Amino acid sequence: MKKNAIRFLIVAFAFAALSLPVLAQGAPAGAAGEGQGPHHGMPSVDERVQHMTKMLNLSDDQQTKVKSILEHQQNQMASLKQDKSMSQPDRRAKFQQIHGATQQKIREVLNDEQKAKFDQMQAHRGHMGKHGAGGQGDMGSSDKQ
């Protein structure tokens with residue numbers, strides 16, 4: 001009897017853990033707490049620009065350009081979320097492609113000193129994400145959006 005109960009709990013936990021990504025993807029845009037900070041979902045574009053301004057000392061012109069780039073990324077990601085015709089691996093690859101293109105466009109706006117700092121932020125973010133410590137340590141950008 002105890003073994004059956006333990007097996008049931010293991011199966012239930014495994015099912016719950018495997019269901020979370022599916023449920024998260026099915027949520028409407030913004031339902032994951034967008035704009036509520038890194039611990040409650042994806043930060044808003046304005047929060048991301050504000051963070052980058054603080055970390056990279058962006059000029060007003062750079063802030064405007066970065067905001068436009070991030071808004072474009074957000075729109076692309078939202079459209080991709082709604083596209084149910086793509087397989088999950090294809091959608092993930094497209095998210096990564098959009099993220100990479102966004103990072104490149106942001107780098108083009110920065111001076112050499114800012115690029116070096118931005119690259120450090122991205123390296124730190126990648127390191128954190130691979131080790132499960134949040135992965136949103138720099139700008140909160142993520143391919144899960």
# chains A, B, ... in the order shown; residues from 1 in each chain; ligands from 1
>>> select_by_dssp(residues="range 28-114 of chain A", states="alpha helix (DSSP H)", output="ChimeraX atom specification")
/A:45-56,60-82,88-109,112-114
>>> residues_around(residues="Gln114 in chain A", least_positions_apart="4", cutoff="7 Å", atoms="only C-alpha atoms", output="ChimeraX atom specification")
/A:56,110,118
>>> write_last_selection(atoms="N, CA and C atoms", output="compact mmCIF listing (two decimals), in the first residue's frame")
# COMPACT_ATOMS: atom_id res chain seq x y z
N LEU A 56 24.65 50.91 -18.17
CA LEU A 56 25.50 51.30 -19.30
C LEU A 56 25.62 52.80 -19.48
N LEU A 110 25.52 51.12 -29.08
CA LEU A 110 26.44 51.39 -27.98
C LEU A 110 27.82 51.81 -28.46
N PHE A 118 28.08 45.60 -21.85
CA PHE A 118 26.90 44.86 -22.31
C PHE A 118 27.25 43.39 -22.52
